[in-house]
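This report refers to the structure that appears directly beneath it.
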Amino acid sequence: MAAITSTRAGFRGSQKWQTRLNVLATLAALTLLAVLVVGIPMGWMVTTALKERTPIFAWPPVVWPNPVRFEHFTETLTAIPLLQFSLNTLVLCALSIVGRMASCSIVAFSFARLRFPGRNILFAVLLSTLMIPSQMILIPQFALFKTVGLVDVFNGYLPLVLPSFFGNAFFVFLMRQYIMTIPRELDEAARIDGASTLQVFWRIIMPLCKPPLVVITVLTFLWTWNEFMHPLIYITQFDSYTIQLGLNMLKGRFNIQWNLIMAGSLMAVVPCVVLYFFTQRYIVGGIASVGIKG
Amino acid sequence: MRIRLPKNTLARREAAEGLLGISPWLIGFLLFTAGPFVVSIVLSMTDWRIMIAPKFVGLQNYVQILTNDPNFWQSIRVTFTYVALALPLGLFAGLGLSLLLNQKVPGARAFGTLFYLPAVLSGVSVALMWMWLLNPDYGVVNTLLGLVGIQGPNWFWDPDWALPSVVLMSLWRVGGSAIIYLAGLQNISPHLYEAAEIDGAGRLAKLRHITIPMLTPTIFFQLVMELIDAFQVFTVIYVITDGGPMRSTLFYMFYMFRTAFEDFDMGYASALAWIMGLIILGFTALVFKSSPLWVFYESDVKQ
């Protein structure tokens, strides 16, 4: 009897050790990957921006910048008006966010809560547009804006923000799924108290929709901030450039001055990183629930 | 489709409100998706150089593309080589990472957040960062390789290595798909594993007979989305390689953009867009058609 208990204890002990070993091995693998995938690339970007000119071409490589140089940021900003371009891009972001929030929430609410003829078919159409590659409509959309004469309106910003005011299949889907999880009893109680559909939407549903609204806001910001091809097509005046168009000039302007190029790139990346870390709880959850990556 | 109008006034009112509510999307869909879609068919059969009025040329653009356009075939080859490399590598890396993140270890969530970061960064800044990371002489990648005695390649500046460099960049964003696989993993019922353990299944057996089959719907979805993504590679090429060296990174999207917005050959570019659309449609259909062979849906068993 005693022998059996002791072997059992021994078995349990070795199993405990094995799980501990597993945890350690997993942590080691994750740390190594994190250093390789995120640490080194981002770190290299930061140190390059802070180093003096010569150490970036030194052998063996200089890891820590000494002395630390912040002039690269100011030098980049005087050569290319990145601050102005950031402001331009923020205008685009703000308009796109407002448009998406307003249109997607109303459309999602209607799909989730109101019964109307053809609802299921229309929702299937909405979902199928997720599969249409956006490049398919790039040229005809340009042709459309060109023939209607809206290409140059508002510095070429109009074609960039106008579609945001007409919903977005991905966000409508995300938000509809979310609204479906809100108990219908809430609507019904409000209706019994005499609330109209608009009041139900505005007073009951919208206040509960913070998570999907955060996802819409943050992802729209990130996408608009990082978008390159559409601004490249529509924005022609230098003064109206977006941040990405400005960054594209860095390479030609500074040739091999990597300190300056990295300083400029860093200025565009930092807002995204900060915003992401503050809202990651919503973003990662929202993405995972629908299954689309940014 | 027959639309039956509801009889009572309350339901009729709700129907009207519903249609009004979705009208922003519906109008946008007609105006910015369906309309342009139809227009692009017509455009693809014209010779249109922006300044001059479009001239109808029938199928001439398509004939020209398929029979007498070396750039088209090169862009097809580049894009498909990229798909053949990036899709399987991304699948294995993404799955592997999600399995690691699914272990019960402290800080797994924080790691997930960290690995997802590259997926939210994109654009010119990221392209420039990679251009510097993969600099043949002073970049950190070749420096590290040099420390272990490997002479790193010339990456973007070598016709044989430029395309693999783009693949490497795509692997950097693997956290994006890992998060989705992770969500799939966490949806698998623990009962399945418990039952398997009682039957004496080891770790590998559980992976092969439970985890992978249960994850196939997620994998399936990811494959389709990444296939569409492969045809969108643009910014990296525009910023770093300009399609070179020696057309080795002439991605389809980049070639189409150049035709439309640098050569202003809009009709021809529309035809290119349609060919791409048909290719994507064909492949998506293939993946869908083959899905019963390898995708496992739990609901099928219950029926």
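Chain identifiers are assigned as A, B, and so on, following the order in which chains appear in the structure tokens; residues are numbered from 1 within each chain, and ligands are numbered from 1 in order of appearance.
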
Q: Write out as a ChimeraX atom specification which residues come within 12 Å of Arg281 (chain A) when counting only C-alpha atoms, dropping same-chain ones fewer than 6 positions away.
A: /A:211-212,214-215,218,275,287-288 /B:109-110,112-114,116

Output file for the residues above (N, CA and C atoms, as an mmCIF file, in the first residue's frame):
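Saved file out07.cif follows:
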```
data_model
loop_
_atom_site.group_PDB
_atom_site.id
_atom_site.type_symbol
_atom_site.label_atom_id
_atom_site.label_comp_id
_atom_site.auth_asym_id
_atom_site.auth_seq_id
_atom_site.Cartn_x
_atom_site.Cartn_y
_atom_site.Cartn_z
ATOM 1 N N PRO A 211 -17.593 48.607 -27.719
ATOM 2 C CA PRO A 211 -16.522 47.794 -28.321
ATOM 3 C C PRO A 211 -16.455 47.863 -29.847
ATOM 4 N N PRO A 212 -17.572 47.619 -30.569
ATOM 5 C CA PRO A 212 -17.433 47.689 -32.024
ATOM 6 C C PRO A 212 -17.125 49.100 -32.526
ATOM 7 N N VAL A 214 -15.253 51.280 -31.016
ATOM 8 C CA VAL A 214 -13.804 51.468 -30.841
ATOM 9 C C VAL A 214 -13.049 50.787 -31.977
ATOM 10 N N VAL A 215 -13.479 49.565 -32.318
ATOM 11 C CA VAL A 215 -12.805 48.843 -33.411
ATOM 12 C C VAL A 215 -12.904 49.646 -34.703
ATOM 13 N N VAL A 218 -10.576 52.816 -34.459
ATOM 14 C CA VAL A 218 -9.130 52.559 -34.479
ATOM 15 C C VAL A 218 -8.685 51.988 -35.822
ATOM 16 N N LEU A 275 -1.628 54.082 -30.230
ATOM 17 C CA LEU A 275 -3.063 53.847 -30.336
ATOM 18 C C LEU A 275 -3.380 52.366 -30.196
ATOM 19 N N ILE A 287 -11.103 41.576 -34.112
ATOM 20 C CA ILE A 287 -10.553 40.902 -35.283
ATOM 21 C C ILE A 287 -10.794 39.404 -35.186
ATOM 22 N N ALA A 288 -10.487 38.859 -34.013
ATOM 23 C CA ALA A 288 -10.602 37.410 -33.854
ATOM 24 C C ALA A 288 -12.050 36.959 -34.019
ATOM 25 N N ARG B 109 -1.177 36.358 -23.183
ATOM 26 C CA ARG B 109 -1.976 37.432 -23.793
ATOM 27 C C ARG B 109 -1.112 38.600 -24.236
ATOM 28 N N ALA B 110 -0.148 38.951 -23.366
ATOM 29 C CA ALA B 110 0.746 40.056 -23.692
ATOM 30 C C ALA B 110 1.563 39.722 -24.935
ATOM 31 N N GLY B 112 0.610 37.761 -27.320
ATOM 32 C CA GLY B 112 -0.317 37.858 -28.444
ATOM 33 C C GLY B 112 -0.441 39.294 -28.935
ATOM 34 N N THR B 113 -0.588 40.213 -27.985
ATOM 35 C CA THR B 113 -0.680 41.634 -28.323
ATOM 36 C C THR B 113 0.567 42.096 -29.074
ATOM 37 N N LEU B 114 1.708 41.645 -28.599
ATOM 38 C CA LEU B 114 2.977 42.056 -29.204
ATOM 39 C C LEU B 114 3.101 41.528 -30.638
ATOM 40 N N TYR B 116 0.804 40.743 -32.635
ATOM 41 C CA TYR B 116 -0.182 41.300 -33.555
ATOM 42 C C TYR B 116 0.233 42.683 -34.049
#
```

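All chain A residues having an atom within 6 Å of chain B, based on only C-alpha atoms, amount to Val23, Phe57, Ile106, Val107, Ser110, Leu114, Arg115, Phe116, Met136, Ile137, Pro140, Gln141, Phe166, Gly167, Asn226, Gln244, Ser265, Ala288, Gly291, Lys293 and Gly294 of chain A.
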
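Each of A:Ala169, A:Cys209, A:Val161, A:Ile261 was compared to Ala124 (chain A) using only C-alpha atoms, and A:Ala169 turns out to be the nearest.
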
(Q) Could you list, as a ChimeraX atom specification, every residue within 12 Å of region 203-205 of chain A, counting only C-alpha atoms and ignoring same-chain residues fewer than 5 positions away? (A) /A:105-106,108-110,112-113,175-176,178-191,195-198,210,212-213

Q. If we count only C-alpha atoms, what is near His72 (chain A) at a cut-off of 7 Å, once residues fewer than 2 positions away on the same chain are taken out, given as a list in words?
A.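 Within the cut-off, the hits are Ala49, Arg69, Phe70, Thr74, Glu75, Thr76, Asn259, Leu260 and Ala263 of chain A.
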
Q | Residue nearest Ser248 (chain B) - candidates B:Gly149, B:Pro164, B:Pro159, B:Gly200, atoms counted: only C-alpha atoms | A |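 When distances to Ser248 (chain B) are compared using only C-alpha atoms, the smallest one comes from B:Pro159.
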
Q | Close residues, region 244-247 of chain B itself excluded, 10 Å, only C-alpha atoms, min 6 positions apart in chain, as number ranges by chain | A | B: 71, 74-75, 78, 156-163, 237-238

Q. Which value, in Å to one decimal, gives the distance between CA of Ile97 (chain A) and CA of Ile243 (chain A)?
A.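 Computing it gives 17.3 Å between the two atoms.
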
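Closest approach to Leu227 (chain B) from the set B:Tyr82, B:Leu134, B:Tyr193, B:Asn68 is made by B:Tyr82, with distances taken over only C-alpha atoms.
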
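For the pair CA of Val148 (chain B) and CA of Thr31 (chain A), the separation is 20.4 Å.
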